[in-house]
Every structure is written in structure tokens, then in C-alpha cells.
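A.B. asks: File final09.pdb below, PDB, C-alpha atoms and all ligand atoms:
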ATOM      1  CA  MET A 622       0.000   0.000   0.000  1.00  0.00           C
ATOM      2  CA  ALA A 623       1.248   3.503  -0.759  1.00  0.00           C
ATOM      3  CA  GLU A 624       1.467   5.878   2.187  1.00  0.00           C
ATOM      4  CA  ILE A 625      -0.092   9.341   2.011  1.00  0.00           C
ATOM      5  CA  PHE A 626       1.798  12.342   3.358  1.00  0.00           C
ATOM      6  CA  ILE A 627       0.809  15.998   3.356  1.00  0.00           C
ATOM      7  CA  ASP A 628       3.355  18.509   2.039  1.00  0.00           C
ATOM      8  CA  THR A 629       2.881  21.502   4.340  1.00  0.00           C
ATOM      9  CA  ALA A 630       3.973  22.996   7.661  1.00  0.00           C
ATOM     10  CA  LYS A 631       0.592  24.681   8.256  1.00  0.00           C
ATOM     11  CA  ILE A 632      -0.928  23.266  11.438  1.00  0.00           C
ATOM     12  CA  ALA A 633      -4.553  23.875  10.405  1.00  0.00           C
ATOM     13  CA  GLU A 634      -4.056  21.893   7.173  1.00  0.00           C
ATOM     14  CA  ILE A 635      -2.282  19.054   8.978  1.00  0.00           C
ATOM     15  CA  LYS A 636      -5.051  18.841  11.599  1.00  0.00           C
ATOM     16  CA  ALA A 637      -7.744  18.818   8.928  1.00  0.00           C
ATOM     17  CA  ALA A 638      -6.007  16.071   6.910  1.00  0.00           C
ATOM     18  CA  ALA A 639      -5.174  14.013  10.007  1.00  0.00           C
ATOM     19  CA  ALA A 640      -8.844  14.063  11.017  1.00  0.00           C
ATOM     20  CA  TRP A 641      -9.666  12.045   7.892  1.00  0.00           C
ATOM     21  CA  GLY A 642      -7.770   9.104   9.398  1.00  0.00           C
ATOM     22  CA  ILE A 643      -5.719   8.301   6.283  1.00  0.00           C
ATOM     23  CA  LEU A 644      -2.654  10.456   6.852  1.00  0.00           C
ATOM     24  CA  ASP A 645       0.662   8.626   7.319  1.00  0.00           C
ATOM     25  CA  GLY A 646       3.080  11.527   7.495  1.00  0.00           C
ATOM     26  CA  VAL A 647       4.099  15.115   6.796  1.00  0.00           C
ATOM     27  CA  THR A 648       6.902  16.623   4.724  1.00  0.00           C
ATOM     28  CA  THR A 649       8.215  20.138   5.290  1.00  0.00           C
ATOM     29  CA  ASN A 650      10.996  22.235   3.798  1.00  0.00           C
ATOM     30  CA  PRO A 651      12.283  25.794   4.331  1.00  0.00           C
ATOM     31  CA  THR A 652       9.760  27.209   1.836  1.00  0.00           C
ATOM     32  CA  LEU A 653       6.881  25.463   3.588  1.00  0.00           C
ATOM     33  CA  MET A 654       8.108  26.781   6.970  1.00  0.00           C
ATOM     34  CA  PHE A 655       8.151  30.265   5.435  1.00  0.00           C
ATOM     35  CA  ARG A 656       4.574  29.774   4.178  1.00  0.00           C
ATOM     36  CA  ALA A 657       3.559  28.669   7.676  1.00  0.00           C
ATOM     37  CA  GLY A 658       5.139  31.877   8.994  1.00  0.00           C
ATOM     38  CA  THR A 659       7.732  30.306  11.291  1.00  0.00           C
ATOM     39  CA  ALA A 660      11.506  30.115  11.497  1.00  0.00           C
ATOM     40  CA  ASN A 661      11.347  27.845  14.534  1.00  0.00           C
ATOM     41  CA  ARG A 662      11.865  24.523  12.772  1.00  0.00           C
ATOM     42  CA  LYS A 663      12.061  22.481  15.969  1.00  0.00           C
ATOM     43  CA  GLU A 664       8.929  23.914  17.592  1.00  0.00           C
ATOM     44  CA  GLN A 665       6.898  23.536  14.378  1.00  0.00           C
ATOM     45  CA  THR A 666       8.144  19.991  13.754  1.00  0.00           C
ATOM     46  CA  LEU A 667       7.247  18.927  17.285  1.00  0.00           C
ATOM     47  CA  LYS A 668       3.791  20.497  16.962  1.00  0.00           C
ATOM     48  CA  ILE A 669       3.331  18.420  13.802  1.00  0.00           C
ATOM     49  CA  VAL A 670       4.529  15.231  15.520  1.00  0.00           C
ATOM     50  CA  GLU A 671       1.889  15.765  18.211  1.00  0.00           C
ATOM     51  CA  ILE A 672      -0.799  15.716  15.517  1.00  0.00           C
ATOM     52  CA  VAL A 673       0.600  12.956  13.292  1.00  0.00           C
ATOM     53  CA  GLN A 674       2.541  10.184  14.982  1.00  0.00           C
ATOM     54  CA  GLY A 675       3.807   9.023  11.606  1.00  0.00           C
ATOM     55  CA  SER A 676       6.789  10.115   9.555  1.00  0.00           C
ATOM     56  CA  VAL A 677       7.588  13.851   9.766  1.00  0.00           C
ATOM     57  CA  SER A 678      10.373  15.313   7.617  1.00  0.00           C
ATOM     58  CA  ALA A 679      12.397  18.422   8.508  1.00  0.00           C
ATOM     59  CA  GLU A 680      15.094  19.781   6.203  1.00  0.00           C
ATOM     60  CA  VAL A 681      18.680  20.873   6.813  1.00  0.00           C
ATOM     61  CA  ILE A 682      19.873  24.326   5.759  1.00  0.00           C
ATOM     62  CA  SER A 683      23.603  23.523   5.467  1.00  0.00           C
ATOM     63  CA  THR A 684      25.110  22.756   2.081  1.00  0.00           C
ATOM     64  CA  ASP A 685      28.363  21.153   3.286  1.00  0.00           C
ATOM     65  CA  ALA A 686      28.511  17.576   4.572  1.00  0.00           C
ATOM     66  CA  ALA A 687      29.825  18.444   8.043  1.00  0.00           C
ATOM     67  CA  GLY A 688      27.100  21.052   8.535  1.00  0.00           C
ATOM     68  CA  MET A 689      24.386  18.663   7.314  1.00  0.00           C
ATOM     69  CA  VAL A 690      25.610  15.921   9.656  1.00  0.00           C
ATOM     70  CA  ALA A 691      25.609  18.309  12.629  1.00  0.00           C
ATOM     71  CA  GLU A 692      22.091  19.514  11.802  1.00  0.00           C
ATOM     72  CA  ALA A 693      20.897  15.935  11.267  1.00  0.00           C
ATOM     73  CA  ARG A 694      22.184  14.932  14.688  1.00  0.00           C
ATOM     74  CA  GLU A 695      20.046  17.645  16.247  1.00  0.00           C
ATOM     75  CA  ILE A 696      16.946  17.175  14.053  1.00  0.00           C
ATOM     76  CA  LEU A 697      16.854  13.391  14.549  1.00  0.00           C
ATOM     77  CA  SER A 698      17.108  13.820  18.328  1.00  0.00           C
ATOM     78  CA  TRP A 699      13.777  15.716  18.430  1.00  0.00           C
ATOM     79  CA  SER A 700      11.570  12.651  17.999  1.00  0.00           C
ATOM     80  CA  GLU A 701      11.649   9.070  16.753  1.00  0.00           C
ATOM     81  CA  HIS A 702       9.094  10.168  14.140  1.00  0.00           C
ATOM     82  CA  VAL A 703      11.395  12.678  12.485  1.00  0.00           C
ATOM     83  CA  TYR A 704      13.232  12.096   9.202  1.00  0.00           C
ATOM     84  CA  VAL A 705      15.977  14.492   8.179  1.00  0.00           C
ATOM     85  CA  LYS A 706      15.760  15.889   4.649  1.00  0.00           C
ATOM     86  CA  ILE A 707      19.123  16.081   2.884  1.00  0.00           C
ATOM     87  CA  PRO A 708      19.513  17.492  -0.650  1.00  0.00           C
ATOM     88  CA  ALA A 709      20.700  15.160  -3.428  1.00  0.00           C
ATOM     89  CA  ILE A 710      24.055  16.867  -4.026  1.00  0.00           C
ATOM     90  CA  ALA A 711      27.569  15.425  -3.676  1.00  0.00           C
ATOM     91  CA  GLU A 712      27.986  16.891  -0.178  1.00  0.00           C
ATOM     92  CA  GLY A 713      24.577  15.431   0.658  1.00  0.00           C
ATOM     93  CA  LEU A 714      25.744  11.950  -0.377  1.00  0.00           C
ATOM     94  CA  LYS A 715      28.715  12.219   1.995  1.00  0.00           C
ATOM     95  CA  ALA A 716      26.382  13.286   4.805  1.00  0.00           C
ATOM     96  CA  MET A 717      23.861  10.514   4.027  1.00  0.00           C
ATOM     97  CA  ARG A 718      26.557   7.863   4.062  1.00  0.00           C
ATOM     98  CA  GLU A 719      27.518   8.937   7.582  1.00  0.00           C
ATOM     99  CA  ILE A 720      24.010   9.546   8.961  1.00  0.00           C
ATOM    100  CA  SER A 721      22.624   6.269   7.586  1.00  0.00           C
ATOM    101  CA  ALA A 722      25.074   4.341   9.784  1.00  0.00           C
ATOM    102  CA  TRP A 723      23.461   5.754  12.943  1.00  0.00           C
ATOM    103  CA  PRO A 724      20.773   3.674  14.677  1.00  0.00           C
ATOM    104  CA  ASN A 725      18.349   6.607  14.206  1.00  0.00           C
ATOM    105  CA  GLY A 726      19.622   7.587  10.735  1.00  0.00           C
ATOM    106  CA  ARG A 727      16.268   8.228   9.065  1.00  0.00           C
ATOM    107  CA  ILE A 728      16.906  10.147   5.833  1.00  0.00           C
ATOM    108  CA  ASN A 729      14.557  11.689   3.282  1.00  0.00           C
ATOM    109  CA  ALA A 730      16.779  12.541   0.293  1.00  0.00           C
ATOM    110  CA  THR A 731      15.226  15.563  -1.379  1.00  0.00           C
ATOM    111  CA  LEU A 732      15.375  17.627  -4.581  1.00  0.00           C
ATOM    112  CA  ILE A 733      15.710  14.552  -6.826  1.00  0.00           C
ATOM    113  CA  PHE A 734      15.182  15.197 -10.536  1.00  0.00           C
ATOM    114  CA  SER A 735      16.658  12.050 -12.139  1.00  0.00           C
ATOM    115  CA  ALA A 736      16.832   8.284 -11.670  1.00  0.00           C
ATOM    116  CA  ASN A 737      20.634   8.690 -11.444  1.00  0.00           C
ATOM    117  CA  GLN A 738      20.293  10.896  -8.372  1.00  0.00           C
ATOM    118  CA  ALA A 739      17.758   8.467  -6.902  1.00  0.00           C
ATOM    119  CA  TYR A 740      20.122   5.531  -7.393  1.00  0.00           C
ATOM    120  CA  LEU A 741      22.990   7.374  -5.694  1.00  0.00           C
ATOM    121  CA  VAL A 742      20.948   8.444  -2.651  1.00  0.00           C
ATOM    122  CA  ALA A 743      19.700   4.865  -2.275  1.00  0.00           C
ATOM    123  CA  ARG A 744      23.326   3.648  -2.363  1.00  0.00           C
ATOM    124  CA  ALA A 745      24.229   6.310   0.234  1.00  0.00           C
ATOM    125  CA  GLY A 746      21.645   4.858   2.631  1.00  0.00           C
ATOM    126  CA  ALA A 747      18.644   7.187   2.261  1.00  0.00           C
ATOM    127  CA  SER A 748      15.343   5.825   3.568  1.00  0.00           C
ATOM    128  CA  TYR A 749      13.303   7.845   1.035  1.00  0.00           C
ATOM    129  CA  ALA A 750      14.117   9.243  -2.429  1.00  0.00           C
ATOM    130  CA  SER A 751      11.864  12.277  -3.020  1.00  0.00           C
ATOM    131  CA  ILE A 752      11.269  12.775  -6.737  1.00  0.00           C
ATOM    132  CA  PHE A 753      10.025  16.250  -7.617  1.00  0.00           C
ATOM    133  CA  MET A 754       7.397  15.383 -10.221  1.00  0.00           C
ATOM    134  CA  GLY A 755       5.721  18.783 -10.535  1.00  0.00           C
ATOM    135  CA  ARG A 756       8.968  20.699 -10.906  1.00  0.00           C
ATOM    136  CA  LEU A 757      10.138  18.217 -13.564  1.00  0.00           C
ATOM    137  CA  ASP A 758       6.918  18.783 -15.492  1.00  0.00           C
ATOM    138  CA  ASP A 759       7.277  22.572 -15.032  1.00  0.00           C
ATOM    139  CA  ALA A 760      10.682  22.306 -16.754  1.00  0.00           C
ATOM    140  CA  GLY A 761       9.173  20.453 -19.726  1.00  0.00           C
ATOM    141  CA  LEU A 762      10.553  17.108 -18.513  1.00  0.00           C
ATOM    142  CA  ASP A 763       8.584  14.009 -17.506  1.00  0.00           C
ATOM    143  CA  GLY A 764       8.160  13.537 -13.765  1.00  0.00           C
ATOM    144  CA  ILE A 765       6.187  10.311 -14.139  1.00  0.00           C
ATOM    145  CA  GLN A 766       8.916   8.806 -16.298  1.00  0.00           C
ATOM    146  CA  VAL A 767      11.582   9.573 -13.663  1.00  0.00           C
ATOM    147  CA  LEU A 768       9.355   7.960 -11.046  1.00  0.00           C
ATOM    148  CA  GLN A 769       8.846   4.842 -13.211  1.00  0.00           C
ATOM    149  CA  GLU A 770      12.560   4.559 -13.974  1.00  0.00           C
ATOM    150  CA  THR A 771      13.441   4.883 -10.288  1.00  0.00           C
ATOM    151  CA  ARG A 772      10.875   2.241  -9.316  1.00  0.00           C
ATOM    152  CA  GLN A 773      12.302  -0.184 -11.851  1.00  0.00           C
ATOM    153  CA  ILE A 774      15.930   0.455 -10.875  1.00  0.00           C
ATOM    154  CA  PHE A 775      15.219   0.020  -7.164  1.00  0.00           C
ATOM    155  CA  ASP A 776      13.340  -3.211  -7.919  1.00  0.00           C
ATOM    156  CA  ASN A 777      16.101  -4.490 -10.246  1.00  0.00           C
ATOM    157  CA  TYR A 778      18.650  -4.280  -7.469  1.00  0.00           C
ATOM    158  CA  GLY A 779      16.432  -4.914  -4.452  1.00  0.00           C
ATOM    159  CA  LEU A 780      17.121  -1.460  -3.014  1.00  0.00           C
ATOM    160  CA  THR A 781      14.998  -0.847   0.074  1.00  0.00           C
ATOM    161  CA  CYS A 782      14.984   2.971  -0.265  1.00  0.00           C
ATOM    162  CA  LYS A 783      11.340   4.044  -0.622  1.00  0.00           C
ATOM    163  CA  VAL A 784      10.238   5.879  -3.768  1.00  0.00           C
ATOM    164  CA  LEU A 785       8.529   9.102  -2.623  1.00  0.00           C
ATOM    165  CA  ALA A 786       6.491  11.012  -5.216  1.00  0.00           C
ATOM    166  CA  ALA A 787       6.931  14.673  -4.199  1.00  0.00           C
ATOM    167  CA  SER A 788       6.050  18.039  -5.720  1.00  0.00           C
ATOM    168  CA  ILE A 789       2.664  16.557  -6.636  1.00  0.00           C
ATOM    169  CA  ARG A 790       0.450  19.190  -8.260  1.00  0.00           C
ATOM    170  CA  SER A 791      -2.650  17.303  -9.386  1.00  0.00           C
ATOM    171  CA  THR A 792      -4.814  14.233  -8.991  1.00  0.00           C
ATOM    172  CA  TYR A 793      -3.318  13.101 -12.303  1.00  0.00           C
ATOM    173  CA  HIS A 794       0.079  12.989 -10.585  1.00  0.00           C
ATOM    174  CA  VAL A 795      -1.507  11.014  -7.746  1.00  0.00           C
ATOM    175  CA  THR A 796      -2.986   8.367 -10.042  1.00  0.00           C
ATOM    176  CA  GLN A 797       0.178   8.073 -12.126  1.00  0.00           C
ATOM    177  CA  SER A 798       2.336   7.793  -8.989  1.00  0.00           C
ATOM    178  CA  LEU A 799       0.142   5.005  -7.648  1.00  0.00           C
ATOM    179  CA  LEU A 800       0.251   3.216 -11.024  1.00  0.00           C
ATOM    180  CA  ALA A 801       4.049   3.564 -11.096  1.00  0.00           C
ATOM    181  CA  GLY A 802       4.291   1.879  -7.698  1.00  0.00           C
ATOM    182  CA  ALA A 803       5.428   4.820  -5.546  1.00  0.00           C
ATOM    183  CA  ASP A 804       5.813   3.812  -1.897  1.00  0.00           C
ATOM    184  CA  ILE A 805       4.817   7.257  -0.586  1.00  0.00           C
ATOM    185  CA  LEU A 806       3.020  10.263  -2.067  1.00  0.00           C
ATOM    186  CA  THR A 807       3.341  13.719  -0.518  1.00  0.00           C
ATOM    187  CA  MET A 808       0.913  16.376  -1.685  1.00  0.00           C
ATOM    188  CA  PRO A 809      -0.492  19.780  -0.761  1.00  0.00           C
ATOM    189  CA  TYR A 810      -3.769  19.873   1.179  1.00  0.00           C
ATOM    190  CA  GLY A 811      -5.572  21.129  -1.938  1.00  0.00           C
ATOM    191  CA  VAL A 812      -4.664  18.007  -3.920  1.00  0.00           C
ATOM    192  CA  LEU A 813      -5.692  15.765  -1.026  1.00  0.00           C
ATOM    193  CA  GLN A 814      -9.084  17.516  -0.999  1.00  0.00           C
ATOM    194  CA  LYS A 815      -9.412  16.996  -4.759  1.00  0.00           C
ATOM    195  CA  MET A 816      -8.691  13.263  -4.335  1.00  0.00           C
ATOM    196  CA  ILE A 817     -11.985  12.804  -2.471  1.00  0.00           C
ATOM    197  CA  SER A 818     -14.029  15.323  -4.469  1.00  0.00           C
ATOM    198  CA  SER A 819     -16.342  14.679  -7.392  1.00  0.00           C
ATOM    199  CA  PRO A 820     -19.268  16.840  -8.503  1.00  0.00           C
ATOM    200  CA  PHE A 821     -21.008  13.592  -9.501  1.00  0.00           C
ATOM    201  CA  THR A 822     -20.816  12.389  -5.906  1.00  0.00           C
ATOM    202  CA  ASP A 823     -22.272  15.704  -4.681  1.00  0.00           C
ATOM    203  CA  VAL A 824     -25.113  15.625  -7.226  1.00  0.00           C
ATOM    204  CA  GLY A 825     -25.787  11.934  -6.533  1.00  0.00           C
ATOM    205  CA  LEU A 826     -25.869  12.496  -2.782  1.00  0.00           C
ATOM    206  CA  ALA A 827     -28.210  15.486  -3.086  1.00  0.00           C
ATOM    207  CA  LYS A 828     -30.580  13.395  -5.223  1.00  0.00           C
ATOM    208  CA  PHE A 829     -30.539  10.478  -2.766  1.00  0.00           C
ATOM    209  CA  LEU A 830     -31.355  12.814   0.127  1.00  0.00           C
ATOM    210  CA  ALA A 831     -34.061  14.648  -1.796  1.00  0.00           C
ATOM    211  CA  ASP A 832     -35.731  11.374  -2.805  1.00  0.00           C
ATOM    212  CA  TRP A 833     -35.515  10.058   0.752  1.00  0.00           C
ATOM    213  CA  GLU A 834     -37.112  13.247   2.039  1.00  0.00           C
ATOM    214  CA  LYS A 835     -39.970  12.756  -0.475  1.00  0.00           C
ATOM    215  CA  VAL A 836     -40.771   9.297   0.834  1.00  0.00           C
ATOM    216  CA  ALA A 837     -39.797   9.590   4.499  1.00  0.00           C
ATOM    217  CA  GLY A 838     -41.110  13.119   4.938  1.00  0.00           C
ATOM    218  CA  LYS A 839     -44.639  12.058   3.988  1.00  0.00           C
TER     219      LYS A 839
HETATM  220  O1  LIG A 901       8.390  18.188  -0.362  1.00  0.00           O
HETATM  221  C1  LIG A 901       8.738  19.220  -1.197  1.00  0.00           C
HETATM  222  C2  LIG A 901       8.196  19.136  -2.575  1.00  0.00           C
HETATM  223  O2  LIG A 901       7.033  18.403  -2.587  1.00  0.00           O
HETATM  224  C3  LIG A 901       8.108  20.483  -3.228  1.00  0.00           C
HETATM  225  O3  LIG A 901       6.935  20.733  -3.918  1.00  0.00           O
HETATM  226  O4  LIG A 901       5.311  22.218  -4.984  1.00  0.00           O
HETATM  227  O5  LIG A 901       7.406  23.203  -4.046  1.00  0.00           O
HETATM  228  O6  LIG A 901       7.480  21.814  -6.101  1.00  0.00           O
HETATM  229  P1  LIG A 901       6.772  22.065  -4.816  1.00  0.00           P
END
Would you give me this structure, written as C-alpha cells?
C.D. replies:
Amino acid sequence: MAEIFIDTAKIAEIKAAAAWGILDGVTTNPTLMFRAGTANRKEQTLKIVEIVQGSVSAEVISTDAAGMVAEAREILSWSEHVYVKIPAIAEGLKAMREISAWPNGRINATLIFSANQAYLVARAGASYASIFMGRLDDAGLDGIQVLQETRQIFDNYGLTCKVLAASIRSTYHVTQSLLAGADILTMPYGVLQKMISSPFTDVGLAKFLADWEKVAGK
């Protein structure tokens, strides 16, 4: 089964999605913290963990391996639910190699735009490879194809790194990610709402209730 994460740091959205009972985790990044209006990454992450006792990702700011490792040590100490997000750059690989050897070395490798990057982060010990589907499509590339290629490569070599479909922009991305065998999908609250919405359902429900009222209201 594919897990469903919400891609936001906004508490109201996380509470609303969690109330549906189908939320497995939350992903954040510096932009999402900015949109939530906070620079207190620890406080916000712990607030999120209180709402969702699943997987909660918080991202490093450093761009050198030593800095990423130091930040990861702190971030991973906040809660057993927290995954540290490390960018898929060469310094990130060095950091992932080191962090993944820790007993609590839970890594979400982020900003992945190719199957090559995904393969390398998996080799470096990442728990998740976050493929940025929407941004690939924005650049005129094919996000679904990168997801499919990554799935196949991980399966070819029995790599246990989970394929995480990120930067999801539409329900089309959701369906294609599920068809491609993504292990996890992270999406904005708006896309999650669209997953359960259909005007046909609304019209059908209104008709059922109206007809029931006709017979039961007699
Ligand atoms: O988790 C981060 C990723 O999903 C970014 O999405 O919409 O900023 O491309 P977006």
C-alpha cells in the first residue's frame, strides 16, 4: 500500500487532513516553513509530531557535509518520528553515508530530478528518495517517467529505499504515482481535498437525500 503524506507545515491543514484518518506523514521544507510563517523549525516539527505520529520530515539548511551531519544529529534527536531531509548533491551523499550508519539515521533525500540521483541516494543509505514530479513537469521534462525509472531500478537491485512522489500538483500525478508503484506520495492539502471530491458524488448524494425526504417526509 502507498502511504499518504501531506506537504505543508501549516498546522490547520495538517489537523484537517489528520482528522480524515488516512494520513501517514508530513513533509516540510524551508519554503513550507516560510509559508507557515515560522523560522522555529524544531517547535513547528514537534507540533506536527503531536498531531501525526507518523513520519515527519524536517530539512537541513547547510550545504556542506559536516554542517548537514551536525544539523541531522540535532533534528533526529527531536523525535523518533522525524526524518531528516538532505539534498541530493555530492555533499549530501557524503552526509547521508555517515548519517545512515546511525541507529536513528532516518533520511529523506530531497530535490531529486533524475533516476541517477535516486540511485545514488539509495546507495548512500537514504530511507526515502523524493522525486520532484511537478517541478520536472514545469521544466518540460517528464516527472512520471523519472518515477517509473526509479521504481524499476530500485526493484532491479532490491534497493529498500522508498520511492517518494513529491512536488505533486494534481490528482493526475496522484494516479500516475500510484500506477508507477510509488511507496509514498506527498501532496499539498488542496490536492488531497481533490482526491476525495467529485461533482457527480455531490449531485448523486443530493438526489438520494431529496428522494428520501420525499418518501420519508410524507
Ligand atoms: O516536499 C517538497 C516538494 O514536494 C516540493 O513541492 O510544490 O514546491 O514543487 P513544490
A.B. asks: The PyMOL selection byres (((not hetatm)) within 9 of (chain A and resi 901)) on the file shown: which residues, as number ranges by chain?
C.D. replies: A: 627-629, 647-650, 652-653, 678, 731-732, 751-757, 759, 786-790, 807-809
A.B. asks: For this file, the PyMOL selection byres (((chain A and resi 802-806) around 6) and not hetatm) selects which residues, as a list in words?
C.D. replies: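 After applying the PyMOL selection byres (((chain A and resi 802-806) around 6) and not hetatm), what remains is Ala623, Glu624, Ile625, Phe626, Lys783, Val784, Leu785, Ala786, Ser798, Leu799, Leu800, Ala801 and Thr807 of chain A.
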A.B. asks: Using all atoms of range 746-755 of chain A listed in the file and a margin of 6 Å per side, can you give the axis-aligned box centre and edge lengths in Å to one decimal, as lines of an AutoDock Vina configuration file?
C.D. replies:
center_x = 13.7
center_y = 11.8
center_z = -3.5
size_x = 27.9
size_y = 25.9
size_z = 26.1
A.B. asks: Between CA of Glu701 in chain A and CA of Val673 in chain A, what is the distance, to one decimal in Å?
C.D. replies: 12.2 Å
A.B. asks: Starting from the shown file, work through the PyMOL selection byres (((chain A and resi 641) around 12) and not hetatm) and note down what comes out as a ChimeraX atom specification.
C.D. replies: /A:625,634-640,642-645,673,810,813-814,817
A.B. asks: Using only C-alpha atoms, list the residues that have an atom at most 8 Å from (21.2, 4.4, 1.9), coordinates as in the file, as a ChimeraX atom specification.
C.D. replies: /A:717-718,721,742-748,782
A.B. asks: Emit the selected residues as an mmCIF file, in the coordinates of the input, including C-alpha atoms.
C.D. replies:
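The new file again13.cif reads:
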data_model
loop_
_atom_site.group_PDB
_atom_site.id
_atom_site.type_symbol
_atom_site.label_atom_id
_atom_site.label_comp_id
_atom_site.auth_asym_id
_atom_site.auth_seq_id
_atom_site.Cartn_x
_atom_site.Cartn_y
_atom_site.Cartn_z
ATOM 1 C CA MET A 717 23.861 10.514 4.027
ATOM 2 C CA ARG A 718 26.557 7.863 4.062
ATOM 3 C CA SER A 721 22.624 6.269 7.586
ATOM 4 C CA VAL A 742 20.948 8.444 -2.651
ATOM 5 C CA ALA A 743 19.700 4.865 -2.275
ATOM 6 C CA ARG A 744 23.326 3.648 -2.363
ATOM 7 C CA ALA A 745 24.229 6.310 0.234
ATOM 8 C CA GLY A 746 21.645 4.858 2.631
ATOM 9 C CA ALA A 747 18.644 7.187 2.261
ATOM 10 C CA SER A 748 15.343 5.825 3.568
ATOM 11 C CA CYS A 782 14.984 2.971 -0.265
#
A.B. asks: Quick one, how far is CA of Ser735 in chain A from CA of Leu768 in chain A?
C.D. replies: 8.4 Å
